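Chemist: The following file, run_3.txt, comprises compact mmCIF, C-alpha atoms:
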```
# COMPACT_ATOMS: atom_id res chain seq x y z
CA MET A 4 -23.11 -182.53 -228.96
CA VAL A 5 -23.64 -179.28 -227.09
CA GLU A 6 -22.86 -176.24 -229.23
CA PHE A 7 -21.00 -173.27 -227.75
CA LYS A 8 -20.69 -169.75 -229.11
CA ARG A 9 -17.22 -169.38 -227.59
CA LYS A 10 -14.69 -171.96 -226.40
CA PRO A 11 -16.48 -175.12 -225.25
CA LEU A 12 -16.83 -175.98 -221.59
CA GLU A 13 -15.50 -179.54 -221.56
CA GLY A 14 -12.52 -181.18 -219.89
CA VAL A 15 -10.65 -180.61 -216.64
CA PHE A 16 -11.22 -177.12 -215.20
CA PRO A 17 -9.21 -176.44 -212.02
CA LEU A 18 -10.60 -173.94 -209.53
CA LEU A 19 -8.40 -170.86 -209.59
CA PRO A 20 -7.21 -169.60 -206.19
CA PHE A 21 -8.15 -166.03 -205.27
CA SER A 22 -4.54 -165.04 -204.62
CA LEU A 23 -3.78 -162.39 -202.01
CA LYS A 24 -0.64 -160.65 -200.85
CA GLU A 25 0.33 -160.55 -197.17
CA ASN A 26 -1.41 -157.16 -196.85
CA ARG A 27 -4.64 -158.77 -198.20
CA GLU A 28 -4.50 -156.95 -201.51
CA VAL A 29 -5.27 -159.02 -204.61
CA ASP A 30 -2.12 -160.51 -206.16
CA TYR A 31 -2.89 -160.13 -209.85
CA ASP A 32 0.56 -161.37 -210.88
CA ALA A 33 0.01 -164.61 -208.96
CA ILE A 34 -3.38 -165.11 -210.64
CA ARG A 35 -1.77 -164.66 -214.05
CA SER A 36 1.07 -167.03 -213.13
CA ASN A 37 -1.38 -169.73 -212.02
CA ILE A 38 -3.25 -169.55 -215.33
CA GLU A 39 0.00 -169.75 -217.29
CA LEU A 40 0.88 -172.86 -215.26
CA LEU A 41 -2.45 -174.50 -216.14
CA ILE A 42 -1.87 -173.77 -219.83
CA ASP A 43 1.63 -175.25 -219.61
CA ARG A 44 0.27 -178.42 -217.94
CA GLY A 45 -2.33 -178.96 -220.66
CA PHE A 46 -5.60 -178.28 -218.86
CA HIS A 47 -8.72 -177.44 -220.85
CA GLY A 48 -9.98 -174.48 -218.82
CA PHE A 49 -10.27 -172.95 -215.36
CA ILE A 50 -12.87 -171.36 -213.10
CA ALA A 51 -12.28 -168.12 -211.20
CA PHE A 52 -14.58 -167.09 -208.33
CA GLY A 53 -15.95 -170.51 -207.47
CA SER A 54 -17.80 -170.95 -204.19
CA MET A 55 -14.49 -171.54 -202.38
CA GLY A 56 -12.72 -168.87 -204.43
CA SER A 57 -13.92 -165.87 -202.42
CA HIS A 58 -16.64 -165.03 -204.91
CA PHE A 59 -18.35 -163.03 -202.15
CA ALA A 60 -15.25 -161.02 -201.21
CA PRO A 61 -14.01 -158.78 -204.05
CA SER A 62 -15.10 -155.22 -204.60
CA GLU A 63 -16.53 -154.35 -207.99
CA GLU A 64 -13.16 -152.96 -209.06
CA GLU A 65 -11.32 -156.09 -207.91
CA PHE A 66 -13.80 -158.42 -209.60
CA ASN A 67 -13.45 -156.52 -212.85
CA LYS A 68 -9.65 -156.45 -212.76
CA VAL A 69 -9.37 -160.15 -211.88
CA THR A 70 -11.68 -160.92 -214.79
CA ASP A 71 -9.56 -158.84 -217.15
CA VAL A 72 -6.38 -160.56 -215.98
CA CYS A 73 -7.97 -164.01 -216.39
CA VAL A 74 -9.14 -163.34 -219.94
CA ASP A 75 -5.82 -161.82 -220.95
CA ALA A 76 -3.79 -164.65 -219.41
CA ALA A 77 -5.99 -167.34 -221.00
CA ASN A 78 -5.42 -165.63 -224.36
CA GLY A 79 -7.74 -168.03 -226.17
CA LYS A 80 -5.52 -171.01 -225.31
CA ILE A 81 -7.71 -172.30 -222.50
CA ALA A 82 -11.39 -171.82 -221.62
CA CYS A 83 -11.96 -169.01 -219.14
CA VAL A 84 -14.95 -169.32 -216.79
CA ILE A 85 -15.72 -166.47 -214.39
CA GLY A 86 -18.11 -167.18 -211.52
CA SER A 87 -21.02 -164.74 -211.29
CA THR A 88 -22.67 -166.14 -208.16
CA ALA A 89 -23.74 -163.23 -205.96
CA PRO A 90 -26.13 -162.31 -203.13
CA SER A 91 -28.59 -160.86 -205.65
CA THR A 92 -29.68 -161.47 -209.23
CA LYS A 93 -28.85 -157.85 -210.08
CA GLU A 94 -25.20 -158.33 -209.08
CA ALA A 95 -25.04 -161.72 -210.81
CA ILE A 96 -26.18 -160.05 -214.03
CA ARG A 97 -23.59 -157.30 -213.66
CA ARG A 98 -20.82 -159.84 -213.17
CA ALA A 99 -21.94 -162.06 -216.03
CA LYS A 100 -22.21 -159.14 -218.43
CA TYR A 101 -18.79 -157.84 -217.45
CA ALA A 102 -17.30 -161.31 -217.95
CA GLU A 103 -18.89 -161.59 -221.38
CA ASP A 104 -17.75 -158.14 -222.49
CA ALA A 105 -14.23 -158.86 -221.23
CA GLY A 106 -14.07 -161.98 -223.41
CA ALA A 107 -14.68 -164.87 -221.00
CA ASP A 108 -16.10 -168.09 -222.39
CA GLY A 109 -18.48 -169.00 -219.60
CA THR A 110 -19.81 -168.20 -216.16
CA LEU A 111 -20.45 -170.45 -213.17
CA LEU A 112 -23.75 -169.44 -211.60
CA ALA A 113 -25.50 -170.58 -208.42
CA LEU A 114 -28.66 -169.15 -206.90
CA PRO A 115 -28.50 -166.09 -204.62
CA TYR A 116 -27.33 -167.83 -201.48
CA ALA A 117 -28.98 -165.78 -198.73
CA PHE A 118 -32.55 -166.92 -199.39
CA PRO A 119 -34.48 -170.17 -199.89
CA HIS A 120 -35.92 -170.72 -203.37
CA SER A 121 -38.97 -172.14 -205.09
CA PRO A 122 -38.72 -173.60 -208.60
CA GLU A 123 -40.28 -170.40 -209.92
CA SER A 124 -37.86 -168.03 -208.17
CA ALA A 125 -34.87 -170.19 -209.12
CA ALA A 126 -35.97 -170.29 -212.75
CA ARG A 127 -36.52 -166.52 -212.77
CA HIS A 128 -32.96 -165.95 -211.54
CA TYR A 129 -31.43 -168.06 -214.30
CA GLN A 130 -33.76 -166.65 -216.93
CA LEU A 131 -32.78 -163.06 -216.13
CA VAL A 132 -29.07 -163.83 -216.34
CA ASN A 133 -29.62 -165.88 -219.50
CA ASP A 134 -31.44 -162.99 -221.14
CA ALA A 135 -28.73 -160.49 -220.16
CA VAL A 136 -25.95 -162.24 -222.11
CA GLU A 137 -25.62 -163.20 -225.76
CA GLU A 138 -22.65 -165.55 -226.16
CA LEU A 139 -21.53 -166.39 -222.62
CA ALA A 140 -22.14 -170.04 -221.71
CA ILE A 141 -23.83 -170.49 -218.33
CA MET A 142 -22.69 -173.36 -216.12
CA VAL A 143 -25.52 -174.01 -213.67
CA TYR A 144 -24.30 -174.74 -210.15
CA ASN A 145 -26.27 -177.63 -208.67
CA ASP A 146 -25.34 -177.66 -204.99
CA SER A 147 -28.26 -178.04 -202.60
CA GLY A 148 -26.10 -176.82 -199.71
CA LEU A 149 -25.08 -173.58 -201.42
CA ASN A 150 -28.61 -173.24 -202.86
CA ARG A 151 -30.27 -173.45 -199.45
CA GLY A 152 -31.65 -176.93 -200.00
CA PHE A 153 -32.97 -176.37 -203.52
CA LYS A 154 -32.52 -179.44 -205.74
CA MET A 155 -32.54 -179.34 -209.54
CA THR A 156 -34.77 -182.21 -210.57
CA TRP A 157 -35.46 -183.41 -214.11
CA ASP A 158 -38.79 -181.58 -214.02
CA PHE A 159 -36.97 -178.32 -213.23
CA TRP A 160 -34.54 -178.85 -216.07
CA ASP A 161 -37.26 -179.88 -218.51
CA LYS A 162 -39.66 -177.06 -217.61
CA TYR A 163 -37.15 -174.23 -217.28
CA LEU A 164 -33.40 -174.61 -217.76
CA LEU A 165 -33.34 -176.55 -221.03
CA LYS A 166 -35.36 -173.78 -222.65
CA MET A 167 -32.68 -171.17 -221.91
CA GLU A 168 -30.36 -170.86 -224.90
CA ASN A 169 -27.23 -169.91 -222.94
CA VAL A 170 -27.43 -172.69 -220.32
CA LYS A 171 -24.77 -175.05 -221.65
CA ALA A 172 -23.29 -176.88 -218.65
CA MET A 173 -23.90 -177.97 -215.07
CA LYS A 174 -21.55 -178.34 -212.12
CA GLU A 175 -23.00 -181.32 -210.25
CA CYS A 176 -22.19 -181.14 -206.54
CA THR A 177 -24.63 -183.70 -205.21
CA VAL A 178 -22.57 -186.47 -203.63
CA LYS A 179 -25.36 -188.93 -204.43
CA PRO A 180 -26.81 -187.40 -207.61
CA ALA A 181 -30.15 -188.36 -209.09
CA HIS A 182 -28.87 -190.75 -211.75
CA ALA A 183 -32.08 -190.67 -213.74
CA THR A 184 -31.83 -186.88 -214.04
CA LEU A 185 -28.19 -186.98 -215.11
CA LEU A 186 -28.86 -189.61 -217.77
CA ARG A 187 -31.53 -187.36 -219.29
CA VAL A 188 -29.56 -184.12 -219.02
CA ALA A 189 -26.07 -185.27 -220.02
CA ASP A 190 -26.73 -185.22 -223.77
CA LYS A 191 -28.24 -181.72 -223.59
CA VAL A 192 -25.70 -179.87 -221.43
CA ASN A 193 -22.12 -180.71 -220.46
CA VAL A 194 -22.16 -182.08 -216.92
CA PHE A 195 -19.10 -181.46 -214.72
CA ALA A 196 -18.28 -183.43 -211.58
CA CYS A 197 -17.71 -180.89 -208.82
CA PHE A 198 -14.64 -182.74 -207.57
CA GLU A 199 -12.61 -185.80 -208.46
CA ASP A 200 -14.32 -188.17 -205.99
CA ILE A 201 -17.46 -188.52 -208.12
CA TRP A 202 -15.93 -188.21 -211.62
CA TRP A 203 -15.68 -191.98 -212.23
CA ARG A 204 -19.39 -192.52 -211.56
CA LEU A 205 -20.56 -189.39 -213.37
CA SER A 206 -18.41 -190.13 -216.42
CA ILE A 207 -20.26 -193.42 -216.84
CA LEU A 208 -23.51 -191.42 -216.85
CA GLY A 209 -22.23 -189.12 -219.59
CA ALA A 210 -20.44 -186.29 -217.76
CA LYS A 211 -17.97 -184.29 -219.84
CA GLY A 212 -15.76 -182.59 -217.28
CA ILE A 213 -14.29 -182.17 -213.81
CA VAL A 214 -14.15 -179.01 -211.73
CA SER A 215 -10.81 -179.98 -210.32
CA GLN A 216 -9.25 -179.40 -206.92
CA TRP A 217 -6.46 -181.98 -207.12
CA ALA A 218 -5.09 -180.65 -210.40
CA TRP A 219 -2.75 -178.38 -208.46
CA VAL A 220 -0.93 -181.28 -206.79
CA ALA A 221 -1.28 -184.14 -209.31
CA PRO A 222 -1.84 -182.65 -212.78
CA LYS A 223 -0.62 -185.61 -214.84
CA VAL A 224 -2.65 -188.10 -212.80
CA ILE A 225 -5.87 -186.09 -213.05
CA LEU A 226 -5.53 -185.49 -216.79
CA ARG A 227 -4.80 -189.17 -217.43
CA TRP A 228 -7.71 -190.29 -215.26
CA TYR A 229 -10.05 -187.89 -217.05
CA LYS A 230 -8.91 -189.06 -220.49
CA MET A 231 -9.21 -192.77 -219.73
CA CYS A 232 -12.71 -192.40 -218.29
CA ARG A 233 -13.81 -190.38 -221.32
CA GLU A 234 -12.50 -193.22 -223.47
CA GLY A 235 -14.69 -195.66 -221.54
CA LYS A 236 -11.81 -197.43 -219.79
CA TRP A 237 -13.64 -197.41 -216.45
CA PHE A 238 -12.50 -200.88 -215.42
CA ASP A 239 -8.90 -200.58 -216.52
CA PRO A 240 -6.66 -201.65 -213.58
CA TRP A 241 -4.94 -198.24 -213.49
CA VAL A 242 -8.27 -196.41 -213.30
```
Can the structure in the file be given as C-alpha cells, please?

Modeler:
Amino acid sequence: MVEFKRKPLEGVFPLLPFSLKENREVDYDAIRSNIELLIDRGFHGFIAFGSMGSHFAPSEEEFNKVTDVCVDAANGKIACVIGSTAPSTKEAIRRAKYAEDAGADGTLLALPYAFPHSPESAARHYQLVNDAVEELAIMVYNDSGLNRGFKMTWDFWDKYLLKMENVKAMKECTVKPAHATLLRVADKVNVFACFEDIWWRLSILGAKGIVSQWAWVAPKVILRWYKMCREGKWFDPWV
C-alpha cells in the first residue's frame, strides 16, 4: 500500500472546470460550488488545472486564489489536487510549493511542454519539484503527446521516479499502455486511468483511480463502475 503524508490519492477524481464569467474573469464562486457538488455526490477527490483545465492561462494571482478556494472548499472532506504543470520547472516549483503551503494534498505534474526531453532532463525536472516540497504527493503525468513524445518506461521509473519520496501516483494517458510497466509500477504508486475508456483494463492491472471526465454527467454510474472494478467484478454483466 502506498503511504501518503496527506489525504491519499485514490478513487474517482473529476477534472475541475476552470470556470469563467462572461467577461472572462475567474468565477471563484462557481469553482467553489462545483467542489461542493462533488463532495455531495461522494467523490474521493478532484484535480484543478489539468491539461484541459487552462493550466497555462491563469496569472500568478489567479492561480493562487483558485488554489486557496479549492483547498477551503474541499475542507478536508475530499482530496484536493492542484496541477503544477508549467512551461518551466521554475514555475512548476512555485505552483507546487504554493499548493502545498495552501494545504492541498497533491499536485498533477507533467513535463515542461514546450521542449522535447531526454530521460535525464525529465528526471531532473521531477527531482527538482520533488525536492522543493515536503508533504505534497506528486502525481506524475504520463502523456507522450503532452510530453512531446517522451514515454515513461519501466527503466525510467526504476532508475529515477521510484527513488523520489514524494512521487506517489501516476496519471496514465497512454491509450495502449505498456502493460509490463504498469504491472511493475502499480504496487509502488497509485495509477490513475486518465479517462473512463481505459479504466476497466487498467483496473485489472492494479490501477487505483480514475481522472474522470464523465463524472459531471453520470456520477452514480461512474462511482458504481469504479467500485465494482476495484472489487474485481470485471466480468459482471452490469460492468

Chemist: Fewer than 2 positions away in the same chain doesn't count, so skip those; otherwise give me all residues within 12 Å of region 66-71 of chain A, counting all atoms listed in the file, as a PyMOL selection string.

Modeler: chain A and resi 19-23+28-35+38+50-52+56-64+73-78+83-89+94-95+97-110

Chemist: Quick one: pull the distance between CA of Arg204 (chain A) and CA of Leu111 (chain A), Å, one decimal.

Modeler: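 Separation of CA of Arg204 (chain A) and CA of Leu111 (chain A): 22.2 Å.
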
Chemist: Ranking A:Glu199, A:Glu175, A:Asp161, A:Glu168 by minimum distance to Val143 (chain A) and counting only C-alpha atoms, which one comes first?

Modeler: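 Of A:Glu199, A:Glu175, A:Asp161, A:Glu168, the one nearest Val143 (chain A) is A:Glu175, counting only C-alpha atoms.
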
Chemist: Go through A:Leu41, A:Ala210, A:Ala125, A:Leu205 one by one, measure the shortest atom-to-atom distance of each to Trp160 (chain A) using all atoms listed in the file, and give the residue with the smallest value.

Modeler: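 Residue with the minimum atom-to-atom distance to Trp160 (chain A): A:Ala125.
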
Chemist: Between CA of Met173 (chain A) and CA of Val194 (chain A), what is the distance, to one decimal in Å?

Modeler: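 Answer for the CA of Met173 (chain A) to CA of Val194 (chain A) separation: 4.8 Å.
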
Chemist: Would you work out the distance separating CA of Lys211 (chain A) from CA of Leu12 (chain A), expressed in Å to one decimal?

Modeler: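 These atoms are spaced 8.6 Å apart.
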
Chemist: Of the candidates A:Val5, A:Val188, A:Ala117, A:Val15, which shows the shortest atom-to-atom distance to Trp217 (chain A), using all atoms listed in the file?

Modeler: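 Ranking A:Val5, A:Val188, A:Ala117, A:Val15 by distance to Trp217 (chain A), first place goes to A:Val15.
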
Chemist: Counting all atoms listed in the file, which of A:Ala126, A:Ile141, A:Leu131, A:Val242 gets nearest to Ile96 (chain A)?

Modeler: A:Leu131
